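Note sheet for the following structure.
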Amino acid sequence: MDPFDAGAGGILRQPKAVWATAGASVVAFMGIGLVDPILPSIAQGLDASASQVSLLFTSYFLITALAMLVTGFVSSRIGGRRTLLLGLALVVVFAGLAGTSDTVGQLVGYRAGWGLGNALFVSTALAVIVGAAAGGSAAAILLYESALGLGMACGPLVGALLGDASWRYPFFGTAFLMAIGFLCITAFLKEQPKPARRTSLLDPVKALGHGGLASAAVSAFFYNYTFFTVLAFTPFVLNMTPYRSGAVFFAWGVLLAVFSVLVAPRMQKRFGSLKVLGGSLVLLAADVLVLGYGNHTAAVVCTILSGAFIGVNNTVYTELALGVSDAPRPVASAGYNFVRWFAAAAAPYFAPKIEEWTDVHIPFVVAAVTAVLGAVVVLVRRRSLTHEAEELEPRHATEDGVTVFAN
C-alpha cells in the first residue's frame, strides 16, 4: 500500500491523535536547531563568549543522554500519553523561563530542563504515533520522519525570524507552540496500553554488552561529535545576521530531511548499509575540512552540503542500532542514544575551546578526524555489524520500538 494514498490508512487519513502528536513533534525537533542562528545574538545580549553560549547545546544534550536511561522506565510505568504530556509540560516551563534569563548561566540551566522534557516527549512520540495510526505502521513512520525533517529544517528559520527582533522571542515562541501541542494531545489522544514488561534503569546499559550494538554506539559517538561541531560551532564562523544564518541552516535541514527519508533507503538497498555509512562518513570528513579552511562562500556551501551526509548517516545508524542486537528495540535504542548523545554534549563545549587554544581551523580538523574514526570503527567491527546490516530492511520502528530523534 502506498503510504501517501489518501484512502483509509494513508498518511493523509490519520486520526486526530496522530496529527496532534506529529504536530507537537515538529515543534520538539525545531527546538534542537532553534538557537543556531541566534547564538551570536545571545552572546552579545548576555555579554557571553562563544564557548559559554555553546553550553546551551552541551547542557541540553548532556541531560538528553542521561534521560535515555529514564524515558523507558517512566513510560513503561505511567503510559505513553502521560509521558508525552509530562515532557511537553517541562518544555513549556523551561523554554518560557529561558526567555526570561538575565545571565548565560540561567539560560544554560533552563536549557537543560528543556532537554529533559524534549527527551521524554520525543522518545515516546513515535511509539504513540505508530500505536494510534490507521492502516499499519508504514504511513505512521513516514509521518513521523516527515515531522522530524520539517522540524529540523524549520527550527533555524523560526529562530531567525523571531530572533531578529530579540533573542528571547524564539524561546517564548517555543513555549507557546508546545502549550498548544499539550492541549491538542490532552484533547485528542487516549491512553494506550502499557507494555507487558516494565523497563529498568539498567536495561539500556546491559544491552550495550552486545558487541554489535556497542560498535554502532561508539561509531555514532564519533560521528555525533562531527555533527554537532557543524551545528553548534559553525554559526560563529559564518558570522552572519540571524536571517542569513537561518536561511543557511534551513537549506541544511531540507537536505537532511530529503536524504534521511528519501535517499538513504535507496542507497542502502543498492550498496548495503555499511558501505553507505563508511562512504558518507569519509565524505563528511572532507566536507568539514573544506568548511574550516575555505573562504566564506565555501563555508556556506559546505555547511548546507553537510546536511546531506548527516541525513544519510542518521538513518543508517538508527537502523543498525535497532537491528543489530536481540535486545528489545526500545531498550537497544535507549542504550545506543545514551552513548552517542554524550558526543553531542561534548562538541559544542570543546569546539570553541579548541579555537581559543589554537585557531579557527583546528576545530574542523578535529571534527574531520572524529568522522574518520567513526568510519574506522565500522570497518574494524564490520563482522559484528555485517550480518544484520546485510539482512536489514530500512525501517525506523516497529510496534514495540522507537527511534529516539536519531535522524
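Residue numbers start at 1 in each chain; chains themselves are named A, B, ... in the order of the C-alpha cells; ligands are numbered from 1 in the order shown.
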Sel. of alpha helix (DSSP H) residues, region 131-362 of chain A, as a ChimeraX atom specification: /A:131-132,137-163,169-188,203-207,211-238,242-258,264-271,273-293,296-323,329-357,362
Point-to-point distance in Å for CA of Ala332 (chain A) and CA of Thr370 (chain A):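 Answer for the CA of Thr370 (chain A) to CA of Ala332 (chain A) separation: 23.3 Å.
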Counting only C-alpha atoms, the option among A:Ser25, A:Ser146, A:Ser59, A:Gln268 closest to Gly109 (chain A): A:Ser59
If you count only C-alpha atoms, which residues fall within 12 Å of Val27 (chain A), apart from same-chain ones fewer than 3 positions away, as a PDB file with N, CA and C atoms, in the first residue's frame?
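Saved the output as around.pdb:
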ATOM      1  N   ALA A  20      -2.084  15.378  16.116  1.00  0.00           N
ATOM      2  CA  ALA A  20      -1.714  16.180  17.278  1.00  0.00           C
ATOM      3  C   ALA A  20      -0.310  15.838  17.746  1.00  0.00           C
ATOM      4  N   THR A  21       0.015  14.541  17.810  1.00  0.00           N
ATOM      5  CA  THR A  21       1.346  14.117  18.249  1.00  0.00           C
ATOM      6  C   THR A  21       2.401  14.497  17.222  1.00  0.00           C
ATOM      7  N   ALA A  22       2.089  14.325  15.942  1.00  0.00           N
ATOM      8  CA  ALA A  22       3.046  14.685  14.892  1.00  0.00           C
ATOM      9  C   ALA A  22       3.307  16.184  14.889  1.00  0.00           C
ATOM     10  N   GLY A  23       2.257  16.982  15.083  1.00  0.00           N
ATOM     11  CA  GLY A  23       2.448  18.439  15.115  1.00  0.00           C
ATOM     12  C   GLY A  23       3.333  18.874  16.266  1.00  0.00           C
ATOM     13  N   ALA A  24       3.111  18.275  17.433  1.00  0.00           N
ATOM     14  CA  ALA A  24       3.970  18.590  18.570  1.00  0.00           C
ATOM     15  C   ALA A  24       5.398  18.115  18.321  1.00  0.00           C
ATOM     16  N   MET A  30      12.140  21.215  16.217  1.00  0.00           N
ATOM     17  CA  MET A  30      12.559  22.597  15.969  1.00  0.00           C
ATOM     18  C   MET A  30      13.464  23.091  17.087  1.00  0.00           C
ATOM     19  N   GLY A  31      13.198  22.634  18.299  1.00  0.00           N
ATOM     20  CA  GLY A  31      13.954  23.107  19.450  1.00  0.00           C
ATOM     21  C   GLY A  31      15.434  22.788  19.396  1.00  0.00           C
ATOM     22  N   ILE A  32      15.829  21.756  18.623  1.00  0.00           N
ATOM     23  CA  ILE A  32      17.235  21.379  18.543  1.00  0.00           C
ATOM     24  C   ILE A  32      18.040  22.465  17.843  1.00  0.00           C
ATOM     25  N   GLY A  33      17.549  22.922  16.695  1.00  0.00           N
ATOM     26  CA  GLY A  33      18.303  23.906  15.923  1.00  0.00           C
ATOM     27  C   GLY A  33      17.802  25.332  16.054  1.00  0.00           C
ATOM     28  N   LEU A  34      16.827  25.535  16.932  1.00  0.00           N
ATOM     29  CA  LEU A  34      16.209  26.852  17.069  1.00  0.00           C
ATOM     30  C   LEU A  34      17.216  27.941  17.419  1.00  0.00           C
ATOM     31  N   LEU A  88       6.031  17.564  27.437  1.00  0.00           N
ATOM     32  CA  LEU A  88       5.564  18.846  26.902  1.00  0.00           C
ATOM     33  C   LEU A  88       5.486  19.902  27.992  1.00  0.00           C
ATOM     34  N   VAL A  91       8.911  21.222  28.736  1.00  0.00           N
ATOM     35  CA  VAL A  91       9.398  22.112  27.677  1.00  0.00           C
ATOM     36  C   VAL A  91       8.738  23.478  27.772  1.00  0.00           C
ATOM     37  N   VAL A  92       7.418  23.502  27.994  1.00  0.00           N
ATOM     38  CA  VAL A  92       6.705  24.782  28.107  1.00  0.00           C
ATOM     39  C   VAL A  92       7.298  25.625  29.236  1.00  0.00           C
ATOM     40  N   ALA A  95      11.331  26.358  28.459  1.00  0.00           N
ATOM     41  CA  ALA A  95      11.528  27.241  27.310  1.00  0.00           C
ATOM     42  C   ALA A  95      11.070  28.650  27.654  1.00  0.00           C
ATOM     43  N   ASN A 118      12.191  17.444  26.370  1.00  0.00           N
ATOM     44  CA  ASN A 118      12.225  17.017  24.978  1.00  0.00           C
ATOM     45  C   ASN A 118      12.539  15.531  24.867  1.00  0.00           C
ATOM     46  N   PHE A 121       9.459  13.530  25.691  1.00  0.00           N
ATOM     47  CA  PHE A 121       8.453  13.618  24.637  1.00  0.00           C
ATOM     48  C   PHE A 121       8.864  12.840  23.393  1.00  0.00           C
ATOM     49  N   VAL A 122      10.051  13.139  22.864  1.00  0.00           N
ATOM     50  CA  VAL A 122      10.432  12.592  21.565  1.00  0.00           C
ATOM     51  C   VAL A 122      10.687  11.094  21.636  1.00  0.00           C
ATOM     52  N   ALA A 147       7.741  14.797  10.053  1.00  0.00           N
ATOM     53  CA  ALA A 147       7.705  15.777  11.141  1.00  0.00           C
ATOM     54  C   ALA A 147       9.108  16.092  11.623  1.00  0.00           C
ATOM     55  N   LEU A 148       9.933  15.058  11.734  1.00  0.00           N
ATOM     56  CA  LEU A 148      11.314  15.248  12.157  1.00  0.00           C
ATOM     57  C   LEU A 148      12.061  16.167  11.184  1.00  0.00           C
ATOM     58  N   GLY A 149      11.958  15.840   9.887  1.00  0.00           N
ATOM     59  CA  GLY A 149      12.657  16.650   8.890  1.00  0.00           C
ATOM     60  C   GLY A 149      12.155  18.076   8.836  1.00  0.00           C
ATOM     61  N   LEU A 150      10.828  18.244   8.932  1.00  0.00           N
ATOM     62  CA  LEU A 150      10.250  19.583   8.910  1.00  0.00           C
ATOM     63  C   LEU A 150      10.717  20.389  10.112  1.00  0.00           C
ATOM     64  N   GLY A 151      10.761  19.742  11.278  1.00  0.00           N
ATOM     65  CA  GLY A 151      11.212  20.447  12.475  1.00  0.00           C
ATOM     66  C   GLY A 151      12.667  20.848  12.411  1.00  0.00           C
ATOM     67  N   MET A 152      13.523  19.929  11.954  1.00  0.00           N
ATOM     68  CA  MET A 152      14.947  20.238  11.848  1.00  0.00           C
ATOM     69  C   MET A 152      15.206  21.349  10.840  1.00  0.00           C
ATOM     70  N   ALA A 153      14.404  21.378   9.761  1.00  0.00           N
ATOM     71  CA  ALA A 153      14.578  22.411   8.746  1.00  0.00           C
ATOM     72  C   ALA A 153      14.043  23.760   9.204  1.00  0.00           C
ATOM     73  N   CYS A 154      12.885  23.732   9.866  1.00  0.00           N
ATOM     74  CA  CYS A 154      12.224  24.992  10.224  1.00  0.00           C
ATOM     75  C   CYS A 154      12.759  25.615  11.502  1.00  0.00           C
ATOM     76  N   GLY A 155      13.395  24.818  12.357  1.00  0.00           N
ATOM     77  CA  GLY A 155      13.919  25.355  13.605  1.00  0.00           C
ATOM     78  C   GLY A 155      14.811  26.574  13.416  1.00  0.00           C
ATOM     79  N   PRO A 156      15.859  26.451  12.598  1.00  0.00           N
ATOM     80  CA  PRO A 156      16.715  27.629  12.380  1.00  0.00           C
ATOM     81  C   PRO A 156      15.988  28.799  11.739  1.00  0.00           C
ATOM     82  N   VAL A 158      12.691  29.586  11.994  1.00  0.00           N
ATOM     83  CA  VAL A 158      11.841  30.229  13.004  1.00  0.00           C
ATOM     84  C   VAL A 158      12.703  30.992  14.005  1.00  0.00           C
ATOM     85  N   GLY A 159      13.835  30.399  14.391  1.00  0.00           N
ATOM     86  CA  GLY A 159      14.747  31.081  15.298  1.00  0.00           C
ATOM     87  C   GLY A 159      15.230  32.398  14.731  1.00  0.00           C
ATOM     88  N   PRO A 170      12.366  33.525  20.320  1.00  0.00           N
ATOM     89  CA  PRO A 170      12.267  32.107  19.944  1.00  0.00           C
ATOM     90  C   PRO A 170      11.938  31.193  21.120  1.00  0.00           C
ATOM     91  N   PHE A 171      12.430  31.524  22.295  1.00  0.00           N
ATOM     92  CA  PHE A 171      12.135  30.709  23.467  1.00  0.00           C
ATOM     93  C   PHE A 171      10.664  30.837  23.862  1.00  0.00           C
ATOM     94  N   GLY A 173       8.288  31.707  21.848  1.00  0.00           N
ATOM     95  CA  GLY A 173       7.517  31.098  20.764  1.00  0.00           C
ATOM     96  C   GLY A 173       7.432  29.587  20.905  1.00  0.00           C
ATOM     97  N   THR A 174       8.542  28.955  21.289  1.00  0.00           N
ATOM     98  CA  THR A 174       8.531  27.508  21.501  1.00  0.00           C
ATOM     99  C   THR A 174       7.593  27.131  22.639  1.00  0.00           C
ATOM    100  N   ALA A 175       7.649  27.871  23.731  1.00  0.00           N
ATOM    101  CA  ALA A 175       6.766  27.585  24.867  1.00  0.00           C
ATOM    102  C   ALA A 175       5.299  27.690  24.451  1.00  0.00           C
ATOM    103  N   PHE A 176       4.976  28.708  23.659  1.00  0.00           N
ATOM    104  CA  PHE A 176       3.601  28.895  23.206  1.00  0.00           C
ATOM    105  C   PHE A 176       3.140  27.739  22.315  1.00  0.00           C
ATOM    106  N   LEU A 177       3.977  27.347  21.346  1.00  0.00           N
ATOM    107  CA  LEU A 177       3.604  26.276  20.431  1.00  0.00           C
ATOM    108  C   LEU A 177       3.489  24.932  21.153  1.00  0.00           C
ATOM    109  N   MET A 178       4.383  24.681  22.105  1.00  0.00           N
ATOM    110  CA  MET A 178       4.300  23.431  22.845  1.00  0.00           C
ATOM    111  C   MET A 178       3.086  23.404  23.773  1.00  0.00           C
ATOM    112  N   ALA A 179       2.674  24.563  24.253  1.00  0.00           N
ATOM    113  CA  ALA A 179       1.453  24.626  25.059  1.00  0.00           C
ATOM    114  C   ALA A 179       0.244  24.237  24.209  1.00  0.00           C
ATOM    115  N   ILE A 180       0.228  24.677  22.954  1.00  0.00           N
ATOM    116  CA  ILE A 180      -0.846  24.268  22.035  1.00  0.00           C
ATOM    117  C   ILE A 180      -0.792  22.756  21.821  1.00  0.00           C
ATOM    118  N   GLY A 181       0.429  22.213  21.642  1.00  0.00           N
ATOM    119  CA  GLY A 181       0.572  20.776  21.492  1.00  0.00           C
ATOM    120  C   GLY A 181       0.061  20.022  22.708  1.00  0.00           C
ATOM    121  N   PHE A 182       0.342  20.553  23.887  1.00  0.00           N
ATOM    122  CA  PHE A 182      -0.140  19.942  25.136  1.00  0.00           C
ATOM    123  C   PHE A 182      -1.663  19.864  25.136  1.00  0.00           C
TER     124      PHE A 182
END
List the spatial neighbours of Leu107 (chain A) as a PDB file with N, CA and C atoms, in the first residue's frame - criterion: any atom at most 10 Å away, only C-alpha atoms, same-chain residues fewer than 2 positions off excluded.
ATOM      1  N   ILE A  42      22.645  35.965  21.200  1.00  0.00           N
ATOM      2  CA  ILE A  42      22.592  35.629  22.624  1.00  0.00           C
ATOM      3  C   ILE A  42      23.894  36.023  23.306  1.00  0.00           C
ATOM      4  N   LEU A  46      23.837  38.781  26.295  1.00  0.00           N
ATOM      5  CA  LEU A  46      24.173  38.382  27.663  1.00  0.00           C
ATOM      6  C   LEU A  46      25.646  38.594  27.979  1.00  0.00           C
ATOM      7  N   VAL A  53      28.127  30.408  25.404  1.00  0.00           N
ATOM      8  CA  VAL A  53      26.839  30.262  24.733  1.00  0.00           C
ATOM      9  C   VAL A  53      26.675  28.853  24.166  1.00  0.00           C
ATOM     10  N   LEU A  55      27.347  26.252  25.508  1.00  0.00           N
ATOM     11  CA  LEU A  55      26.874  25.372  26.570  1.00  0.00           C
ATOM     12  C   LEU A  55      25.364  25.164  26.501  1.00  0.00           C
ATOM     13  N   LEU A  56      24.653  25.985  25.721  1.00  0.00           N
ATOM     14  CA  LEU A  56      23.225  25.760  25.505  1.00  0.00           C
ATOM     15  C   LEU A  56      22.994  24.383  24.892  1.00  0.00           C
ATOM     16  N   SER A  59      24.450  21.504  27.776  1.00  0.00           N
ATOM     17  CA  SER A  59      23.528  21.164  28.856  1.00  0.00           C
ATOM     18  C   SER A  59      22.320  20.405  28.319  1.00  0.00           C
ATOM     19  N   PHE A  94      10.328  25.332  30.881  1.00  0.00           N
ATOM     20  CA  PHE A  94      11.741  25.704  30.795  1.00  0.00           C
ATOM     21  C   PHE A  94      12.056  26.551  29.565  1.00  0.00           C
ATOM     22  N   ALA A  95      11.331  26.358  28.459  1.00  0.00           N
ATOM     23  CA  ALA A  95      11.528  27.241  27.310  1.00  0.00           C
ATOM     24  C   ALA A  95      11.070  28.650  27.654  1.00  0.00           C
ATOM     25  N   LEU A  97      10.964  29.972  30.708  1.00  0.00           N
ATOM     26  CA  LEU A  97      11.940  30.521  31.643  1.00  0.00           C
ATOM     27  C   LEU A  97      13.225  30.946  30.928  1.00  0.00           C
ATOM     28  N   ALA A  98      13.611  30.184  29.894  1.00  0.00           N
ATOM     29  CA  ALA A  98      14.827  30.534  29.146  1.00  0.00           C
ATOM     30  C   ALA A  98      14.721  31.931  28.548  1.00  0.00           C
ATOM     31  N   GLY A  99      13.517  32.279  28.103  1.00  0.00           N
ATOM     32  CA  GLY A  99      13.329  33.599  27.522  1.00  0.00           C
ATOM     33  C   GLY A  99      13.430  34.731  28.522  1.00  0.00           C
ATOM     34  N   THR A 100      13.369  34.411  29.815  1.00  0.00           N
ATOM     35  CA  THR A 100      13.464  35.452  30.857  1.00  0.00           C
ATOM     36  C   THR A 100      14.869  35.563  31.439  1.00  0.00           C
ATOM     37  N   SER A 101      15.808  34.778  30.926  1.00  0.00           N
ATOM     38  CA  SER A 101      17.146  34.702  31.519  1.00  0.00           C
ATOM     39  C   SER A 101      17.860  36.049  31.487  1.00  0.00           C
ATOM     40  N   ASP A 102      18.576  36.342  32.575  1.00  0.00           N
ATOM     41  CA  ASP A 102      19.400  37.547  32.657  1.00  0.00           C
ATOM     42  C   ASP A 102      20.884  37.241  32.553  1.00  0.00           C
ATOM     43  N   THR A 103      21.244  35.959  32.706  1.00  0.00           N
ATOM     44  CA  THR A 103      22.643  35.555  32.602  1.00  0.00           C
ATOM     45  C   THR A 103      22.730  34.296  31.752  1.00  0.00           C
ATOM     46  N   VAL A 104      23.908  34.056  31.201  1.00  0.00           N
ATOM     47  CA  VAL A 104      24.086  32.862  30.385  1.00  0.00           C
ATOM     48  C   VAL A 104      23.977  31.608  31.238  1.00  0.00           C
ATOM     49  N   GLY A 105      24.359  31.697  32.520  1.00  0.00           N
ATOM     50  CA  GLY A 105      24.226  30.552  33.408  1.00  0.00           C
ATOM     51  C   GLY A 105      22.777  30.136  33.593  1.00  0.00           C
ATOM     52  N   GLY A 109      21.050  26.567  32.312  1.00  0.00           N
ATOM     53  CA  GLY A 109      20.299  25.723  33.237  1.00  0.00           C
ATOM     54  C   GLY A 109      18.890  25.442  32.754  1.00  0.00           C
ATOM     55  N   TYR A 110      18.211  26.466  32.258  1.00  0.00           N
ATOM     56  CA  TYR A 110      16.856  26.260  31.746  1.00  0.00           C
ATOM     57  C   TYR A 110      16.863  25.384  30.497  1.00  0.00           C
ATOM     58  N   ARG A 111      17.905  25.520  29.711  1.00  0.00           N
ATOM     59  CA  ARG A 111      18.022  24.686  28.507  1.00  0.00           C
ATOM     60  C   ARG A 111      18.185  23.209  28.891  1.00  0.00           C
ATOM     61  N   ALA A 112      18.825  22.936  30.009  1.00  0.00           N
ATOM     62  CA  ALA A 112      18.952  21.564  30.490  1.00  0.00           C
ATOM     63  C   ALA A 112      17.582  20.984  30.840  1.00  0.00           C
TER      64      ALA A 112
END
Counting only C-alpha atoms, the residue of A:Phe338, A:Phe222, A:Phe259, A:Phe233 that sits nearest Pro352 (chain A):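 Of all the options, A:Phe233 lies closest to Pro352 (chain A).
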